[in-house]
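Source file: upload33.cif; contents: mmCIF, C-alpha atoms and all ligand atoms.
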data_my_file
loop_
_atom_site.label_atom_id
_atom_site.label_comp_id
_atom_site.auth_asym_id
_atom_site.auth_seq_id
_atom_site.Cartn_x
_atom_site.Cartn_y
_atom_site.Cartn_z
CA MET J 1 35.66 81.67 25.53
CA PHE J 2 35.76 78.83 28.03
CA ASN J 3 37.46 75.52 28.71
CA PHE J 4 36.44 72.88 31.24
CA HIS J 5 38.99 70.23 30.32
CA THR J 6 42.33 71.09 31.93
CA HIS J 7 45.09 69.25 33.78
CA CYS J 8 47.34 71.01 36.30
CA TYR J 9 50.20 69.69 38.47
CA TYR J 10 47.84 67.52 40.52
CA CYS J 11 47.91 64.99 37.67
CA ASP J 12 50.01 64.98 34.48
CA GLY J 13 49.75 68.72 33.76
CA GLN J 14 52.20 71.45 34.62
CA GLY J 15 51.59 74.46 36.82
CA LYS J 16 49.35 75.44 39.67
CA PRO J 17 45.62 76.01 39.27
CA LYS J 18 46.37 79.69 39.85
CA ASP J 19 48.62 79.80 36.76
CA PHE J 20 45.73 78.57 34.63
CA VAL J 21 43.26 80.98 36.19
CA GLN J 22 45.59 83.94 35.69
CA GLU J 23 46.05 83.02 32.03
CA ALA J 24 42.29 82.54 31.57
CA VAL J 25 41.62 86.00 33.03
CA LYS J 26 44.34 87.47 30.82
CA GLN J 27 42.68 85.93 27.75
CA SER J 28 39.24 87.20 28.82
CA PHE J 29 37.71 83.77 29.38
CA THR J 30 34.10 83.84 30.56
CA ALA J 31 34.21 80.48 32.38
CA PHE J 32 36.79 77.85 33.33
CA GLY J 33 37.05 74.38 34.84
CA PHE J 34 39.62 71.91 36.19
CA SER J 35 39.48 68.20 35.37
CA SER J 36 42.49 66.29 36.72
CA HIS J 37 42.71 62.65 35.71
CA GLY J 38 40.70 60.73 38.31
CA PRO J 39 42.43 58.33 40.75
CA LEU J 40 43.08 54.76 39.62
CA PRO J 41 43.80 51.77 41.87
CA PHE J 42 47.33 51.18 40.56
CA ASP J 43 50.59 53.10 40.49
CA ASN J 44 50.82 55.58 37.65
CA SER J 45 52.29 58.96 36.87
CA PHE J 46 49.29 60.61 35.25
CA SER J 47 46.36 60.60 37.65
CA ILE J 48 45.67 62.53 40.84
CA LYS J 49 46.12 60.59 44.10
CA GLU J 50 42.84 60.27 45.91
CA ASN J 51 44.24 61.74 49.13
CA ASN J 52 45.23 64.87 47.17
CA ILE J 53 41.70 65.65 46.00
CA PRO J 54 40.82 67.88 49.00
CA ALA J 55 44.00 69.95 48.46
CA TYR J 56 43.23 70.13 44.71
CA ILE J 57 39.77 71.53 45.39
CA ALA J 58 41.06 73.90 48.07
CA GLU J 59 43.71 75.28 45.72
CA ILE J 60 41.15 75.82 42.96
CA LYS J 61 38.83 77.60 45.40
CA GLU J 62 41.70 79.80 46.54
CA ALA J 63 42.52 80.79 42.95
CA SER J 64 38.84 81.36 42.32
CA ALA J 65 38.56 83.69 45.32
CA GLU J 66 41.44 85.76 43.94
CA PHE J 67 39.72 86.19 40.58
CA PRO J 68 36.01 86.44 41.40
CA GLN J 69 35.26 87.80 37.90
CA LEU J 70 35.84 84.31 36.40
CA PRO J 71 33.36 81.50 37.27
CA ILE J 72 35.43 78.38 37.95
CA SER J 73 34.18 74.81 38.28
CA TYR J 74 36.07 71.81 39.64
CA GLY J 75 35.75 68.21 38.59
CA LEU J 76 37.70 65.21 37.34
CA GLU J 77 38.28 63.45 34.04
CA CYS J 78 37.55 59.90 35.17
CA ASP J 79 38.87 56.83 33.42
CA PHE J 80 36.56 53.88 33.05
CA ILE J 81 38.24 50.47 33.27
CA PRO J 82 35.87 47.53 33.80
CA ASN J 83 36.23 45.80 37.18
CA LEU J 84 39.01 48.19 38.14
CA SER J 85 38.04 51.86 38.31
CA LYS J 86 35.84 53.13 41.16
CA PRO J 87 32.38 54.39 40.13
CA PHE J 88 32.53 58.01 38.94
CA SER J 89 29.66 58.81 41.32
CA TYR J 90 31.86 57.80 44.27
CA PHE J 91 34.27 60.67 43.49
CA LYS J 92 31.50 63.12 42.73
CA GLN J 93 29.68 62.43 45.97
CA THR J 94 32.66 61.92 48.28
CA TYR J 95 34.37 65.14 47.26
CA GLY J 96 31.40 67.24 46.16
CA LEU J 97 32.73 67.62 42.61
CA GLN J 98 30.77 69.85 40.26
CA TYR J 99 31.18 67.78 37.10
CA ILE J 100 32.75 64.66 35.65
CA ILE J 101 34.26 64.16 32.23
CA GLY J 102 34.22 60.46 31.33
CA GLY J 103 36.86 59.03 29.05
CA ILE J 104 38.83 55.98 28.05
CA HIS J 105 42.61 56.00 27.75
CA MET J 106 43.22 52.32 28.50
CA VAL J 107 41.42 49.39 26.94
CA GLU J 108 41.10 46.34 29.17
CA LYS J 109 41.48 42.81 27.80
CA ASP J 110 41.85 39.79 30.11
CA GLY J 111 43.45 41.92 32.82
CA GLN J 112 45.89 43.65 30.47
CA LEU J 113 45.65 47.34 29.60
CA TRP J 114 46.17 48.77 26.11
CA PHE J 115 47.24 52.41 26.44
CA ILE J 116 45.84 54.22 23.39
CA ASP J 117 46.81 57.78 24.39
CA GLY J 118 50.19 59.45 24.95
CA PRO J 119 52.79 60.73 22.52
CA LEU J 120 54.04 57.46 21.00
CA SER J 121 52.43 55.41 18.25
CA ALA J 122 54.79 52.59 19.23
CA THR J 123 52.89 52.16 22.52
CA TYR J 124 49.66 51.70 20.53
CA ASP J 125 51.33 49.31 18.08
CA ASP J 126 52.94 47.24 20.85
CA GLY J 127 49.64 46.87 22.72
CA LEU J 128 47.84 45.94 19.54
CA ALA J 129 50.44 43.25 18.85
CA ASN J 130 50.91 41.90 22.39
CA ILE J 131 47.37 42.08 23.72
CA PHE J 132 45.29 41.69 20.54
CA HIS J 133 47.73 39.78 18.30
CA ASN J 134 47.27 42.54 15.73
CA ASP J 135 43.57 41.81 15.36
CA ILE J 136 42.52 45.44 14.87
CA ARG J 137 38.81 44.59 14.66
CA LEU J 138 38.94 42.86 18.03
CA ALA J 139 40.94 45.75 19.50
CA VAL J 140 38.54 48.42 18.20
CA LYS J 141 35.54 46.34 19.26
CA THR J 142 36.97 46.00 22.77
CA TYR J 143 37.50 49.76 22.94
CA PHE J 144 33.94 50.53 21.88
CA TYR J 145 32.35 47.90 24.14
CA GLN J 146 34.23 49.49 27.04
CA LEU J 147 32.97 52.91 25.91
CA PHE J 148 29.36 51.63 25.69
CA ASN J 149 29.75 50.08 29.14
CA MET J 150 30.95 53.43 30.54
CA ILE J 151 28.08 55.37 28.97
CA GLU J 152 25.50 52.90 30.20
CA ASN J 153 26.80 52.38 33.72
CA GLU J 154 28.60 55.51 34.89
CA GLN J 155 27.22 58.92 35.82
CA PHE J 156 29.01 61.81 34.16
CA ASP J 157 28.38 65.02 32.25
CA ILE J 158 30.78 65.31 29.32
CA ILE J 159 32.18 62.51 27.17
CA ALA J 160 35.88 63.00 26.40
CA HIS J 161 37.43 62.52 22.94
CA PHE J 162 35.23 59.50 22.21
CA ASP J 163 36.91 58.52 18.94
CA LYS J 164 40.44 58.72 20.34
CA ILE J 165 41.03 55.16 19.15
CA LYS J 166 41.74 56.72 15.74
CA MET J 167 44.65 58.88 16.99
CA HIS J 168 47.60 56.51 16.69
CA ASN J 169 45.84 54.45 14.03
CA LYS J 170 46.69 57.17 11.52
CA ASN J 171 44.73 55.34 8.81
CA ARG J 172 47.11 52.38 9.04
CA TYR J 173 44.93 49.58 10.46
CA PHE J 174 41.46 50.88 9.63
CA LEU J 175 39.81 53.80 7.86
CA GLU J 176 37.12 56.03 9.29
CA THR J 177 35.10 55.25 6.17
CA ASP J 178 35.02 51.52 7.05
CA LYS J 179 31.40 50.53 7.63
CA TRP J 180 32.21 48.31 10.62
CA TYR J 181 34.02 51.22 12.32
CA GLN J 182 31.22 53.68 11.56
CA ASN J 183 28.67 51.31 13.08
CA TYR J 184 30.45 51.54 16.44
CA ILE J 185 30.43 55.34 16.20
CA PHE J 186 26.68 55.37 15.45
CA GLU J 187 25.99 53.09 18.40
CA ALA J 188 28.07 55.37 20.65
CA ILE J 189 26.05 58.39 19.45
CA ARG J 190 22.79 56.55 20.14
CA LEU J 191 23.84 55.84 23.72
CA ILE J 192 25.17 59.38 24.24
CA LYS J 193 21.80 60.74 23.16
CA GLU J 194 19.97 58.35 25.47
CA LYS J 195 22.09 59.48 28.44
CA ASN J 196 21.89 63.23 27.65
CA LEU J 197 25.66 63.61 27.65
CA ILE J 198 27.55 66.59 26.27
CA VAL J 199 30.08 65.78 23.55
CA GLU J 200 33.31 67.75 23.65
CA ILE J 201 35.15 68.89 20.54
CA ASN J 202 38.69 68.22 21.75
CA THR J 203 41.49 70.22 20.09
CA ARG J 204 44.53 68.57 21.68
CA GLY J 205 45.39 66.30 18.76
CA ILE J 206 45.86 69.26 16.48
CA TYR J 207 48.06 71.47 18.64
CA LYS J 208 50.14 68.51 19.87
CA GLN J 209 50.41 67.40 16.23
CA ARG J 210 49.29 63.88 17.10
CA TYR J 211 46.26 63.87 14.84
CA ASN J 212 45.26 66.21 12.07
CA GLY J 213 41.70 66.80 13.23
CA PHE J 214 39.39 67.06 16.22
CA TYR J 215 38.02 64.34 18.46
CA PRO J 216 35.45 63.58 17.23
CA SER J 217 35.85 64.02 13.47
CA ALA J 218 33.68 66.46 11.50
CA TRP J 219 31.54 63.69 9.93
CA ILE J 220 30.68 62.49 13.44
CA LEU J 221 29.89 66.04 14.58
CA LYS J 222 27.40 66.34 11.71
CA GLU J 223 25.55 63.28 13.00
CA ILE J 224 25.71 64.59 16.57
CA HIS J 225 24.17 67.85 15.40
CA ARG J 226 21.50 66.00 13.45
CA GLN J 227 20.53 64.23 16.66
CA ASN J 228 20.43 67.46 18.63
CA ILE J 229 23.12 66.39 21.09
CA PRO J 230 24.79 69.29 22.96
CA ILE J 231 28.49 70.05 22.50
CA THR J 232 31.23 71.97 24.22
CA ILE J 233 34.77 72.85 23.15
CA SER J 234 37.70 71.45 25.15
CA MET J 235 41.35 72.27 24.76
CA ASP J 236 42.42 69.46 27.14
CA ALA J 237 45.18 71.80 28.31
CA HIS J 238 48.10 70.37 30.30
CA GLN J 239 49.69 73.79 30.90
CA ALA J 240 48.40 77.35 31.13
CA GLN J 241 49.78 78.21 27.68
CA GLU J 242 47.46 75.61 26.12
CA ILE J 243 44.12 76.75 27.49
CA SER J 244 42.83 78.27 24.24
CA LEU J 245 44.83 76.43 21.57
CA GLY J 246 42.58 75.39 18.70
CA TYR J 247 39.47 77.05 20.15
CA GLU J 248 38.78 79.25 17.13
CA SER J 249 39.13 76.44 14.59
CA ALA J 250 36.95 74.15 16.74
CA LYS J 251 34.31 76.86 16.88
CA GLN J 252 34.54 77.21 13.11
CA CYS J 253 34.13 73.45 12.72
CA ALA J 254 31.09 73.51 15.06
CA LEU J 255 29.48 76.27 12.99
CA GLU J 256 30.23 74.46 9.73
CA THR J 257 28.73 71.22 11.02
CA GLY J 258 25.52 73.09 11.90
CA PHE J 259 25.76 73.91 15.61
CA ARG J 260 24.35 77.24 16.83
CA LYS J 261 24.46 76.52 20.58
CA ILE J 262 27.23 75.49 22.91
CA SER J 263 27.16 74.14 26.46
CA GLN J 264 29.15 75.58 29.30
CA LEU J 265 29.44 75.34 33.04
CA ILE J 266 28.99 78.17 35.47
CA ASP J 267 29.74 77.14 39.04
CA GLY J 268 29.06 73.56 38.14
CA LYS J 269 25.72 74.21 36.40
CA ILE J 270 25.42 73.38 32.73
CA PHE J 271 23.60 75.65 30.32
CA GLU J 272 23.60 76.47 26.63
CA THR J 273 24.59 79.77 25.06
CA ASN J 274 24.60 80.93 21.45
CA LEU J 275 27.63 79.98 19.42
CA GLN J 276 28.96 83.08 17.75
ZN ZN E 1 41.57 62.39 28.12
ZN ZN E 2 42.28 65.28 29.45
#
Translate this structure into structure tokens?
Amino acid sequence: MFNFHTHCYYCDGQGKPKDFVQEAVKQSFTAFGFSSHGPLPFDNSFSIKENNIPAYIAEIKEASAEFPQLPISYGLECDFIPNLSKPFSYFKQTYGLQYIIGGIHMVEKDGQLWFIDGPLSATYDDGLANIFHNDIRLAVKTYFYQLFNMIENEQFDIIAHFDKIKMHNKNRYFLETDKWYQNYIFEAIRLIKEKNLIVEINTRGIYKQRYNGFYPSAWILKEIHRQNIPITISMDAHQAQEISLGYESAKQCALETGFRKISQLIDGKIFETNLQ
């Protein structure tokens, strides 16, 4: 078992890196990674401050030295916001990070940001009304164009929860069976394949009871498998107790959608192992 998508107290998670490592060792993990939310150029409560990155890495290395039996990698989950976020490669190079997870939590429209994550559907609904005048097609299109822009222009390893736009939608504004929506998903998959990215199966929606399924959905995973795109399983843990929540059901879903291999990181190097 492994998990490379985790948030500790350097961003919006709880607990020290050591707490996570201890729990991972206790649960017999074979590999682990840290991915604090990357710095953003505006005040916020969820991302790591750039001047804390050296301490973040040092603390992970310290925990790693205490538990040499567990290979630990350190990286960031970087947000892409057009004309606002720094290039992912800047963080990777400046701080010698071992991997980057790329993801979108805020959709940019004319300088305004639509926050599509977090616990409240009201935040999603308000942004949809105030920024997009309830034009769901425009809102979803803007999300996917931003996603395509990230895939094409940033350098990263794993793509985070790439259909998260569905989370607070809860089948109210659009359905996953809508052709226009599916076309965006297929275009995203085409670009992911072109860039050799790893797709994560993210379990957080299920254990936080925000969405009754994985990101991405099983029908999308089938297409990802058909195109021979590598996957990993991410619990997107924000505290040590969450590091393995949903892992078994995600693995089951991966097997059912045809996958027999899974990607993992050992000391920052990516390789595939058998899924069993
Ligand atoms: Zn995320
Ligand atoms: Zn995350």
Show me a table, sorted first by chain and then by increasing residue number, of the residues of chain J having an atom at most 7 Å from ligand ZN 2 (chain E), each with its shortest atom pair and the distance in Å to one decimal, counting all atoms listed in the file and written as a Markdown table.
| residue | atom | partner | partner_atom | distance |
| --- | --- | --- | --- | --- |
| J:His5 | CA | E:ZN2 | ZN | 6.0 |
| J:Thr6 | CA | E:ZN2 | ZN | 6.3 |
| J:His7 | CA | E:ZN2 | ZN | 6.5 |
| J:His37 | CA | E:ZN2 | ZN | 6.8 |
| J:Glu77 | CA | E:ZN2 | ZN | 6.4 |
| J:Asp236 | CA | E:ZN2 | ZN | 4.8 |
Within 12 Å of ligand ZN 1 (chain E), counting only C-alpha atoms and all ligand atoms: which residues, as number ranges by chain?
-> J: 5-7, 11-13, 35-38, 46-47, 76-80, 100-106, 115-118, 158-165, 200-205, 215, 234-238
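A straight line drawn from CA of Leu40 in chain J to CA of Phe156 in chain J is 16.7 Å long.
In this model, the gap between CA of Lys193 in chain J and CA of Phe259 in chain J comes to 15.7 Å.
In this structure, CA of Ile220 in chain J sits 28.3 Å away from CA of Tyr74 in chain J.
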Closest of J:Ala254, J:Ile231, J:Ile243, J:Ile57 to Phe271 in chain J, counting all atoms listed in the file, is J:Ile231
In the coordinates of the file, take the point (30.7, 84.8, 21.4) and a cut-off of 12 Å; then, counting only C-alpha atoms, name each qualifying protein, DNA or RNA residue as a list in words.
->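 All residues meeting the 12 Å criterion around (30.7, 84.8, 21.4) are Met1, Phe2, Ser28, Phe29, Thr30, Tyr247, Glu248, Lys251, Gln252, Arg260, Lys261, Ile262, Thr273, Asn274, Leu275 and Gln276 of chain J.
The residue that comes closest to Tyr9 in chain J, out of J:Lys26, J:Lys166, J:Lys195, J:Lys49 and on the basis of all atoms listed in the file, is J:Lys49.
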Out of J:Glu108, J:Asp126, J:Asp267, J:Glu242, which residue has the shortest atom-to-atom distance to Gln14 in chain J when counting all atoms listed in the file?
->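 Of J:Glu108, J:Asp126, J:Asp267, J:Glu242, the one nearest Gln14 in chain J, counting all atoms listed in the file, is J:Glu242.
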